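With CSV, C-alpha atoms inside, this is query_7.csv:
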chain,number,residue,atom,x,y,z
A,1159,MET,CA,26.2,24.5,57.6
A,1160,LYS,CA,28.1,21.8,59.5
A,1161,ARG,CA,31.5,23.3,58.5
A,1162,ARG,CA,30.4,26.6,59.9
A,1163,LEU,CA,29.7,25.2,63.3
A,1164,PRO,CA,33.4,25.1,64.5
A,1165,TRP,CA,33.9,28.7,63.5
A,1166,ILE,CA,30.7,29.8,65.2
A,1167,LEU,CA,31.7,27.9,68.4
A,1168,LEU,CA,35.2,29.3,68.2
A,1169,THR,CA,34.0,32.9,67.9
A,1170,VAL,CA,31.5,32.5,70.7
A,1171,PHE,CA,34.0,31.0,73.1
A,1172,LEU,CA,36.7,33.4,72.2
A,1173,VAL,CA,34.3,36.2,73.0
A,1174,LEU,CA,33.4,34.6,76.3
A,1175,MET,CA,37.1,34.2,77.2
A,1176,ILE,CA,37.9,37.8,76.4
A,1177,THR,CA,34.9,39.0,78.3
A,1178,GLY,CA,36.0,37.0,81.3
A,1179,LEU,CA,39.5,38.4,81.1
A,1180,LEU,CA,38.1,42.0,80.8
A,1181,LEU,CA,36.0,41.3,84.0
A,1182,GLY,CA,39.2,40.5,85.9
A,1183,GLU,CA,38.6,36.8,86.2
A,1184,TYR,CA,42.3,36.0,85.4
A,1185,LYS,CA,43.2,37.6,88.8
A,1186,MET,CA,40.6,35.5,90.6
A,1187,VAL,CA,42.1,32.3,89.1
A,1188,LEU,CA,45.6,33.5,89.9
A,1189,GLU,CA,44.6,34.2,93.6
A,1190,LYS,CA,43.2,30.7,93.9
A,1191,ALA,CA,46.2,29.1,92.1
A,1192,VAL,CA,49.0,30.7,94.1
A,1193,THR,CA,47.7,29.4,97.4
A,1194,VAL,CA,47.8,25.8,98.5
A,1195,CYS,CA,44.4,24.3,97.8
A,1196,LEU,CA,43.7,22.4,101.0
A,1197,ASP,CA,40.6,20.7,99.4
A,1198,CYS,CA,42.8,19.4,96.5
A,1199,ILE,CA,45.3,17.9,98.8
A,1200,GLY,CA,42.8,16.2,101.1
A,1201,ILE,CA,43.2,18.5,104.1
A,1202,GLY,CA,40.4,21.0,103.7
B,1476,MET,CA,48.9,18.1,55.8
B,1477,GLY,CA,51.2,15.6,57.3
B,1478,ILE,CA,52.1,17.8,60.3
B,1479,LEU,CA,51.0,15.1,62.7
B,1480,ASN,CA,52.6,12.1,60.9
B,1481,ARG,CA,56.0,12.2,62.6
B,1482,PRO,CA,54.7,13.4,66.0
B,1483,ARG,CA,52.1,10.8,66.4
B,1484,SER,CA,54.6,8.0,66.1
B,1485,LYS,CA,56.3,9.6,69.1
B,1486,ARG,CA,53.2,10.5,71.1
B,1487,ALA,CA,54.6,9.3,74.4
B,1488,TRP,CA,57.4,11.8,74.1
B,1489,TYR,CA,54.9,14.6,73.6
B,1490,GLN,CA,53.0,13.4,76.6
B,1491,ALA,CA,56.2,13.4,78.7
B,1492,PHE,CA,57.1,16.8,77.4
B,1493,GLY,CA,53.6,18.0,78.2
B,1494,ALA,CA,53.7,16.8,81.8
B,1495,LEU,CA,57.1,18.4,82.2
B,1496,ALA,CA,56.3,21.7,80.5
B,1497,ILE,CA,53.1,22.1,82.6
B,1498,ASN,CA,55.1,21.3,85.8
B,1499,ALA,CA,58.4,22.9,85.0
B,1500,TRP,CA,59.2,24.7,88.3
B,1501,LEU,CA,61.1,21.7,89.6
B,1502,PRO,CA,63.0,23.3,92.5
B,1503,ASN,CA,59.7,23.3,94.5
B,1504,TRP,CA,59.9,19.6,94.7
B,1505,VAL,CA,62.8,20.2,97.2
B,1506,THR,CA,61.4,23.2,99.0
B,1507,GLY,CA,57.8,22.0,99.3
B,1508,GLN,CA,56.4,25.3,98.2
B,1509,ILE,CA,54.1,25.9,95.2
B,1510,PHE,CA,54.9,28.1,92.2
B,1511,GLN,CA,53.4,31.6,92.6
B,1512,GLY,CA,54.3,33.5,89.5
B,1513,ASN,CA,51.9,35.7,87.6
B,1514,VAL,CA,51.5,33.2,84.7
B,1515,LYS,CA,49.7,30.8,87.1
B,1516,GLY,CA,46.3,32.4,86.4
B,1517,THR,CA,46.6,30.7,82.9
B,1518,CYS,CA,44.4,27.6,82.9
B,1519,VAL,CA,45.9,24.6,81.2
B,1520,PRO,CA,43.5,22.5,79.1
B,1521,VAL,CA,44.4,19.3,81.0
B,1522,LEU,CA,43.8,17.9,84.5
B,1523,ASN,CA,46.8,19.2,86.4
B,1524,CYS,CA,46.5,20.3,90.0
B,1525,TYR,CA,47.6,23.9,90.7
B,1526,SER,CA,48.8,22.8,94.1
B,1527,CYS,CA,51.4,20.5,92.5
B,1528,PRO,CA,54.6,22.1,93.7
B,1529,SER,CA,56.0,22.6,90.2
B,1530,ALA,CA,52.7,23.5,88.3
B,1531,LEU,CA,53.0,26.6,86.2
B,1532,GLY,CA,49.3,27.0,85.4
B,1533,ALA,CA,45.9,26.6,86.9
B,1534,CYS,CA,43.6,23.5,86.7
B,1535,PRO,CA,40.5,24.5,84.8
B,1536,ILE,CA,38.2,22.2,86.8
B,1537,GLY,CA,39.5,23.6,90.1
B,1538,ALA,CA,39.1,27.2,88.7
B,1539,MET,CA,35.6,26.5,87.4
B,1540,GLN,CA,34.5,25.2,90.8
B,1541,THR,CA,36.0,28.2,92.5
B,1542,PHE,CA,33.9,30.5,90.2
B,1543,PHE,CA,30.7,28.5,90.7
B,1544,GLY,CA,31.3,28.2,94.5
B,1545,GLY,CA,31.9,32.0,94.7
B,1546,LEU,CA,29.1,33.0,92.3
B,1547,ARG,CA,26.4,33.6,95.0
B,1548,PHE,CA,28.8,35.6,97.1
B,1549,ASN,CA,30.0,37.6,94.1
B,1550,LEU,CA,26.5,38.4,93.0
B,1551,SER,CA,25.6,39.5,96.6
B,1552,ILE,CA,28.4,42.1,96.4
B,1553,ALA,CA,27.6,43.0,92.7
B,1554,GLU,CA,30.9,41.5,91.6
B,1555,LYS,CA,30.7,40.3,88.0
B,1556,LYS,CA,32.7,37.1,88.0
B,1557,PHE,CA,31.0,34.2,86.3
B,1558,GLY,CA,33.8,32.0,85.2
B,1559,LEU,CA,33.6,33.1,81.5
B,1560,TYR,CA,37.4,33.1,81.2
B,1561,VAL,CA,37.6,29.4,82.0
B,1562,ILE,CA,34.5,28.3,80.1
B,1563,GLY,CA,35.7,30.4,77.1
B,1564,LEU,CA,39.2,29.0,77.2
B,1565,LEU,CA,38.0,25.4,77.3
B,1566,GLY,CA,35.4,26.1,74.6
B,1567,THR,CA,38.1,27.8,72.4
B,1568,VAL,CA,40.4,24.8,72.8
B,1569,GLY,CA,37.5,22.4,72.2
B,1570,SER,CA,36.3,24.2,69.1
B,1571,VAL,CA,39.7,23.8,67.5
B,1572,ILE,CA,40.9,20.4,68.5
B,1573,GLY,CA,38.2,18.8,70.7
B,1574,ARG,CA,39.6,16.3,73.2
B,1575,MET,CA,43.1,16.2,71.7
B,1576,PRO,CA,44.9,17.6,74.8
B,1577,CYS,CA,43.7,14.5,76.7
B,1578,GLY,CA,45.6,12.3,74.3
B,1579,TRP,CA,48.7,14.4,73.8
B,1580,LEU,CA,49.4,16.6,76.9
B,1581,CYS,CA,47.5,15.4,80.0
B,1582,PRO,CA,49.9,14.2,82.6
B,1583,PHE,CA,47.2,12.1,84.3
B,1584,GLY,CA,46.2,10.5,81.0
B,1585,PHE,CA,49.9,9.7,80.4
B,1586,LEU,CA,50.2,8.1,83.8
B,1587,GLN,CA,47.2,5.9,83.0
B,1588,GLU,CA,48.7,4.7,79.8
B,1589,LEU,CA,52.0,3.9,81.5
B,1590,MET,CA,50.2,2.0,84.3
B,1591,HIS,CA,48.3,0.0,81.8
B,1592,LYS,CA,51.6,-1.3,80.4
B,1593,ILE,CA,52.1,-3.3,83.6
B,1594,PRO,CA,51.5,-6.9,82.8
B,1595,THR,CA,48.3,-7.9,84.6
B,1596,PRO,CA,45.0,-9.5,83.5
B,1597,LYS,CA,43.1,-6.8,81.7
B,1598,LEU,CA,39.4,-5.8,82.1
B,1599,ARG,CA,37.2,-3.8,79.8
B,1600,VAL,CA,35.4,-0.8,81.3
B,1601,PRO,CA,31.6,-1.3,80.8
B,1602,ARG,CA,30.4,1.1,78.1
B,1603,PHE,CA,27.8,2.7,80.4
B,1604,PHE,CA,30.5,3.9,82.7
B,1605,SER,CA,31.3,6.6,80.1
B,1606,SER,CA,28.1,8.4,81.2
B,1607,PHE,CA,29.4,8.8,84.7
B,1608,ARG,CA,31.8,11.5,83.7
B,1609,TYR,CA,28.9,13.8,82.9
B,1610,VAL,CA,27.4,13.0,86.3
B,1611,PHE,CA,30.7,14.1,88.0
B,1612,LEU,CA,30.7,17.2,85.9
B,1613,ALA,CA,27.1,18.2,86.5
B,1614,VAL,CA,26.9,17.3,90.2
B,1615,LEU,CA,30.3,17.8,91.7
B,1616,VAL,CA,31.7,20.6,89.5
B,1617,VAL,CA,28.6,22.6,88.7
B,1618,ALA,CA,25.6,21.8,91.0
B,1619,LEU,CA,27.0,21.3,94.4
B,1620,PRO,CA,29.4,24.3,94.4
B,1621,LEU,CA,26.5,26.4,93.3
B,1622,LEU,CA,23.8,25.0,95.6
B,1623,ILE,CA,25.5,24.2,98.9
B,1624,VAL,CA,27.0,27.3,100.3
B,1625,ASP,CA,28.2,28.4,103.8
B,1626,GLU,CA,26.8,31.4,105.7
B,1627,MET,CA,29.0,33.7,103.7
B,1628,GLY,CA,27.6,32.3,100.4
B,1629,PHE,CA,30.7,30.3,99.4
B,1630,GLY,CA,30.5,26.8,97.9
B,1631,GLN,CA,33.2,24.2,98.0
B,1632,THR,CA,35.3,22.6,95.3
B,1633,TRP,CA,33.5,19.3,95.6
B,1634,PHE,CA,35.3,17.4,92.9
B,1635,CYS,CA,38.7,18.4,94.1
B,1636,LYS,CA,37.8,17.7,97.7
B,1637,TRP,CA,36.2,14.3,97.4
B,1638,VAL,CA,37.4,12.7,94.2
B,1639,CYS,CA,40.3,14.2,92.2
B,1640,PRO,CA,43.1,11.6,92.4
B,1641,ALA,CA,45.4,13.9,90.3
B,1642,GLY,CA,45.4,16.4,93.1
B,1643,THR,CA,46.2,13.7,95.7
B,1644,LEU,CA,49.1,12.4,93.5
B,1645,GLU,CA,50.5,15.6,92.3
B,1646,ALA,CA,49.9,17.8,95.3
B,1647,GLY,CA,48.6,16.0,98.3
B,1648,ILE,CA,51.3,13.4,98.8
B,1649,PRO,CA,54.3,15.6,97.9
B,1650,LEU,CA,53.2,18.6,99.9
B,1651,VAL,CA,52.4,16.5,103.0
B,1652,LEU,CA,55.7,14.7,102.7
B,1653,LEU,CA,57.6,18.0,102.3
B,1654,ASN,CA,55.8,20.1,104.9
B,1655,GLU,CA,55.7,19.2,108.6
B,1656,GLY,CA,52.9,21.7,109.2
B,1657,LEU,CA,50.6,20.0,106.7
B,1658,ARG,CA,51.5,16.6,108.1
B,1659,SER,CA,49.9,17.5,111.4
B,1660,LEU,CA,46.6,18.3,109.7
B,1661,VAL,CA,46.2,14.9,108.0
B,1662,GLY,CA,42.9,13.3,108.8
B,1663,PHE,CA,40.0,11.3,107.4
B,1664,MET,CA,39.8,13.3,104.2
B,1665,TYR,CA,43.4,12.7,103.4
B,1666,TYR,CA,43.2,9.0,103.9
B,1667,TRP,CA,40.0,8.9,101.8
B,1668,LYS,CA,41.7,10.6,98.9
B,1669,VAL,CA,44.8,8.5,99.2
B,1670,GLY,CA,42.6,5.3,99.3
B,1671,LEU,CA,40.7,6.6,96.2
B,1672,LEU,CA,44.1,7.2,94.4
B,1673,VAL,CA,45.2,3.7,95.2
B,1674,LEU,CA,42.0,2.3,93.7
B,1675,PHE,CA,42.4,4.4,90.6
B,1676,LEU,CA,46.0,3.3,90.2
B,1677,GLY,CA,44.9,-0.3,90.5
B,1678,TRP,CA,42.1,0.3,88.0
B,1679,MET,CA,44.6,1.9,85.5
B,1680,THR,CA,46.7,-1.3,85.5
B,1681,VAL,CA,43.8,-3.5,84.4
B,1682,SER,CA,41.7,-1.1,82.3
B,1683,ARG,CA,42.6,1.5,79.7
B,1684,ARG,CA,42.4,5.1,80.9
B,1685,PRO,CA,39.5,4.4,83.2
B,1686,PHE,CA,39.6,7.8,84.9
B,1687,CYS,CA,39.4,9.6,81.6
B,1688,ARG,CA,36.5,7.5,80.5
B,1689,ALA,CA,34.4,7.3,83.6
B,1690,VAL,CA,35.3,10.2,85.8
B,1691,CYS,CA,37.1,13.1,84.2
B,1692,PRO,CA,34.9,16.2,84.1
B,1693,LEU,CA,37.4,18.0,81.9
B,1694,GLY,CA,37.3,15.2,79.4
B,1695,ALA,CA,33.5,15.4,79.5
B,1696,ILE,CA,33.6,19.1,78.6
B,1697,LEU,CA,36.2,18.8,75.8
B,1698,GLY,CA,34.6,15.6,74.4
B,1699,LEU,CA,31.4,17.5,73.8
B,1700,PHE,CA,33.3,19.5,71.2
B,1701,ASN,CA,34.6,16.4,69.3
B,1702,LYS,CA,31.7,16.5,66.9
B,1703,GLY,CA,31.8,20.2,66.2
B,1704,SER,CA,35.6,21.0,66.2
B,1705,LEU,CA,37.8,22.1,63.4
B,1706,PHE,CA,39.9,19.0,63.8
B,1707,ARG,CA,37.8,16.0,62.8
B,1708,MET,CA,38.3,12.3,62.5
B,1709,ALA,CA,36.7,10.4,59.6
B,1710,VAL,CA,36.2,6.7,58.8
B,1711,ASP,CA,35.7,5.5,55.2
B,1712,ASP,CA,33.0,2.8,55.5
B,1713,GLU,CA,34.0,1.3,52.1
B,1714,LYS,CA,37.6,0.7,53.3
B,1715,CYS,CA,36.7,-0.4,56.8
B,1716,THR,CA,36.5,-4.2,57.2
B,1717,LEU,CA,35.4,-4.0,60.9
B,1718,CYS,CA,38.5,-6.0,61.8
B,1719,ASP,CA,38.5,-4.2,65.2
B,1720,LYS,CA,42.3,-3.6,65.1
B,1721,CYS,CA,41.7,0.1,65.8
B,1722,ARG,CA,39.8,-0.8,69.0
B,1723,LYS,CA,42.4,-3.2,70.2
B,1724,ASP,CA,45.0,-0.4,69.9
B,1725,CYS,CA,42.8,2.4,71.2
B,1726,PRO,CA,43.8,3.8,74.6
B,1727,VAL,CA,40.2,4.4,75.4
B,1728,ASP,CA,38.8,1.2,73.9
B,1729,ILE,CA,36.3,2.8,71.5
B,1730,LYS,CA,35.0,1.6,68.2
B,1731,ILE,CA,35.8,4.6,66.0
B,1732,TYR,CA,34.1,3.0,63.0
B,1733,GLU,CA,30.8,3.4,64.9
B,1734,SER,CA,31.3,7.1,65.7
B,1735,ALA,CA,34.4,8.8,64.2
B,1736,ASN,CA,34.0,11.8,66.5
B,1737,SER,CA,32.8,10.1,69.6
B,1738,PRO,CA,33.0,12.3,72.8
B,1739,ALA,CA,35.1,9.5,74.3
B,1740,CYS,CA,37.9,9.8,71.7
B,1741,VAL,CA,41.1,11.4,73.0
B,1742,ARG,CA,42.4,11.9,69.4
B,1743,CYS,CA,45.7,10.2,70.0
B,1744,LEU,CA,45.5,9.1,66.3
B,1745,LYS,CA,46.8,5.7,67.1
B,1746,CYS,CA,43.9,4.2,65.1
B,1747,VAL,CA,45.1,6.0,62.0
B,1748,ASP,CA,48.3,4.0,62.1
B,1749,SER,CA,46.6,0.8,63.3
B,1750,CYS,CA,44.3,0.6,60.3
B,1751,LYS,CA,46.2,-1.2,57.5
B,1752,TYR,CA,43.3,-0.5,55.1
B,1753,GLY,CA,43.7,3.3,55.4
B,1754,ALA,CA,40.1,3.7,56.4
B,1755,ILE,CA,40.7,6.1,59.3
B,1756,SER,CA,41.8,9.6,58.6
B,1757,TYR,CA,41.7,13.1,60.1
B,1758,GLU,CA,40.9,16.5,58.7
B,1759,PHE,CA,42.0,20.0,59.9
B,1760,LEU,CA,41.2,23.3,58.2
B,1761,GLY,CA,40.1,21.5,55.0
B,1762,LYS,CA,43.2,19.4,54.7
B,1763,HIS,CA,42.7,15.6,54.8
B,1764,GLU,CA,45.3,13.2,56.0
B,1765,VAL,CA,45.5,9.4,55.8
B,1766,ALA,CA,48.5,7.6,57.2
B,1767,GLU,CA,49.6,6.1,53.9
B,1768,ASP,CA,53.3,6.6,54.7
B,1769,LEU,CA,53.1,4.7,58.0
B,1770,ARG,CA,50.8,1.9,56.9
B,1771,VAL,CA,52.0,-1.6,57.2
B,1772,GLY,CA,51.2,-3.9,54.2
B,1773,ASN,CA,49.4,-1.2,52.3
B,1774,PRO,CA,46.9,-3.2,50.3
B,1775,ALA,CA,46.3,-0.4,47.8

Would you mind writing the file's structure down as structure tokens?
Amino acid sequence: MKRRLPWILLTVFLVLMITGLLLGEYKMVLEKAVTVCLDCIGIG
Amino acid sequence: MGILNRPRSKRAWYQAFGALAINAWLPNWVTGQIFQGNVKGTCVPVLNCYSCPSALGACPIGAMQTFFGGLRFNLSIAEKKFGLYVIGLLGTVGSVIGRMPCGWLCPFGFLQELMHKIPTPKLRVPRFFSSFRYVFLAVLVVALPLLIVDEMGFGQTWFCKWVCPAGTLEAGIPLVLLNEGLRSLVGFMYYWKVGLLVLFLGWMTVSRRPFCRAVCPLGAILGLFNKGSLFRMAVDDEKCTLCDKCRKDCPVDIKIYESANSPACVRCLKCVDSCKYGAISYEFLGKHEVAEDLRVGNPA
């Protein structure tokens, strides 16, 4: 059973990632990433 | 398997390559701009600020906070954006190799290892500090962005804003130095973050990878997969003499003989080479590897 766990986890998270991509989440990350994050640099 | 035999003796080169590859758009260090190509929506499985001028990818922790912070607003306008891409990507990486990116690719982890080489008196990080990274993850990355929102329904990126020293070092300092417009906006928050960075830099010189062990929310997430990933560490109790050599060489100061797949382990594989009894090994896709060829004074 234990050796199946990584494969189950991998399948579940791959499905989650693909679902997120299909929902257009890549674009949301891109929009955030291409603008200077003022919070990150201590100015926000 | 042997595929990691040669690389692991040159891990520092892989870490340097990782830092450079993730931050390869070097001309921006002169112009003070940030890279804006379409590939930047790709999250990298390490803590690397997307506002670093040369960063080619996105920070998963920053992206995750953005999703959680925007969740209530997105739900209010029936927009289905839950952060599944980031969670799925980290889970996919974790399911295969666990926390290995921390030990081989993370620029901030590499910096901590370099800083620790500075000859100063050394201090151990108390063991209970390792629980704090889960607190940072649960409170600053998940709970506060979700719970505290403005009138529009947007939460903040609390970890980036109040803590992340990688953002200050890789983005805050260079962007403020290179942009006059940003310099005029510097205030309390900036000095707070620079002060925190200085504290972490000092801590790195006396302790081994303290940020990874006590603070890093990304390490907390990937570490959860160490016990259930395809890549696994193993310790042969019959060969182990409890000499503690592995702990002395470990960049995160763990006793791997107590828990071979501890969530704190960054899987640098240094212990595999440290153990002259060949007690520590790793396994990937059913193939088992002991560092016999690199062992010093093989007693077998």

**Report entry** Selection: 10 Å around B:Gln1540, all atoms listed in the file, excl. self and same-chain fewer than 4 positions, as a list in words
**Finding:**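 Non-adjacent residues within range: Pro1535, Ile1536, Gly1544, Gly1545, Leu1546, Gly1558, Leu1615, Val1616, Val1617, Ala1618, Leu1619, Pro1620, Leu1621, Gly1630, Gln1631, Thr1632, Trp1633, Phe1634 and Cys1635 of chain B.
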
Do you have, as CSV, the list of residues of chain B lying at most 6 Å from chain A, each with its nearest atom pair and that distance in Å to one decimal, counting all atoms listed in the file and ordered by chain then number?
residue,atom,partner,partner_atom,distance
B:Gln1511,CA,A:Val1192,CA,4.7
B:Lys1515,CA,A:Leu1188,CA,5.7
B:Gly1516,CA,A:Leu1188,CA,3.7
B:Tyr1525,CA,A:Ala1191,CA,5.6
B:Ser1526,CA,A:Val1194,CA,5.4
B:Ala1533,CA,A:Ala1191,CA,5.8
B:Ala1538,CA,A:Val1187,CA,5.9
B:Leu1559,CA,A:Gly1178,CA,4.6
B:Tyr1560,CA,A:Gly1178,CA,4.1
B:Gly1563,CA,A:Met1175,CA,4.1
B:Leu1564,CA,A:Met1175,CA,5.6
B:Gly1566,CA,A:Phe1171,CA,5.3
B:Thr1567,CA,A:Phe1171,CA,5.2
B:Ser1570,CA,A:Leu1168,CA,5.3
B:Cys1635,CA,A:Cys1198,CA,4.9
B:Lys1636,CA,A:Asp1197,CA,4.4
B:Gly1642,CA,A:Cys1198,CA,5.2
B:Thr1643,CA,A:Ile1199,CA,5.3
B:Ala1646,CA,A:Ile1199,CA,5.8
B:Gly1647,CA,A:Ile1199,CA,3.8
B:Met1664,CA,A:Gly1200,CA,5.2
B:Tyr1665,CA,A:Gly1200,CA,4.2
B:Gly1703,CA,A:Pro1164,CA,5.4
B:Ser1704,CA,A:Pro1164,CA,5.0
B:Leu1705,CA,A:Pro1164,CA,5.4

Report task. Anything within 10 Å of (56.4, 25.2, 87.6): list those residues as a ChimeraX atom specification, counting only C-alpha atoms and sticking to the file's coordinates. Result -> /B:1495-1504,1509-1512,1514-1515,1525,1527-1532

Query - Option closest in space to B:Arg1684, from B:Ala1709, B:Cys1725, B:Leu1697, B:Val1661 [counting all atoms listed in the file] - result: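 Closest to B:Arg1684, using all atoms listed in the file: B:Cys1725.
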
Just the residues within 6 Å of stretch 1744-1760 of chain B, please, counting only C-alpha atoms, with nothing from its chain fewer than 5 positions along; format it as an mmCIF file with C-alpha atoms, keeping the file's coordinate frame.
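Saved result, selection34.cif, follows:
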data_model
loop_
_atom_site.group_PDB
_atom_site.id
_atom_site.type_symbol
_atom_site.label_atom_id
_atom_site.label_comp_id
_atom_site.auth_asym_id
_atom_site.auth_seq_id
_atom_site.Cartn_x
_atom_site.Cartn_y
_atom_site.Cartn_z
ATOM 1 C CA LEU B 1705 37.800 22.100 63.400
ATOM 2 C CA PHE B 1706 39.900 19.000 63.800
ATOM 3 C CA ARG B 1707 37.800 16.000 62.800
ATOM 4 C CA MET B 1708 38.300 12.300 62.500
ATOM 5 C CA ALA B 1709 36.700 10.400 59.600
ATOM 6 C CA VAL B 1710 36.200 6.700 58.800
ATOM 7 C CA ASP B 1711 35.700 5.500 55.200
ATOM 8 C CA LYS B 1714 37.600 0.700 53.300
ATOM 9 C CA CYS B 1715 36.700 -0.400 56.800
ATOM 10 C CA CYS B 1721 41.700 0.100 65.800
ATOM 11 C CA VAL B 1765 45.500 9.400 55.800
ATOM 12 C CA ARG B 1770 50.800 1.900 56.900
ATOM 13 C CA VAL B 1771 52.000 -1.600 57.200
#

Requested in this report: For B:Arg1683, work out the shell of residues within 12 Å, counting only C-alpha atoms and skipping chain neighbours fewer than 5 positions away, then give it as a PyMOL selection string.
Outcome: chain B and resi 1584-1593+1596-1601+1675-1678+1688-1689+1722-1729

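Comparing B:Val1673, B:Gly1628, B:Pro1685, B:Ser1484 by their smallest distance to B:Phe1607, the closest is B:Pro1685 (using all atoms listed in the file).
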
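Separating atom CA of B:Arg1608 from atom CA of B:Ala1695 is a distance of 6.0 Å.
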
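Using all atoms listed in the file, the smallest distance between any of B:Phe1548, B:Leu1717, B:Ser1737, B:Pro1594 and B:Asp1625 comes from B:Phe1548.
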
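Of the listed residues (B:Trp1637, B:Asp1712, B:Lys1720, B:Ile1552), B:Asp1712 comes nearest to B:Glu1733; the distances count only C-alpha atoms.
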
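One finds atom CA of B:Phe1604 at 17.5 Å from atom CA of B:Ile1731.
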
**Report entry** One-decimal distance in Å that lies between atom CA of B:Phe1542 and atom CA of B:Val1624
**Finding:** 12.6 Å
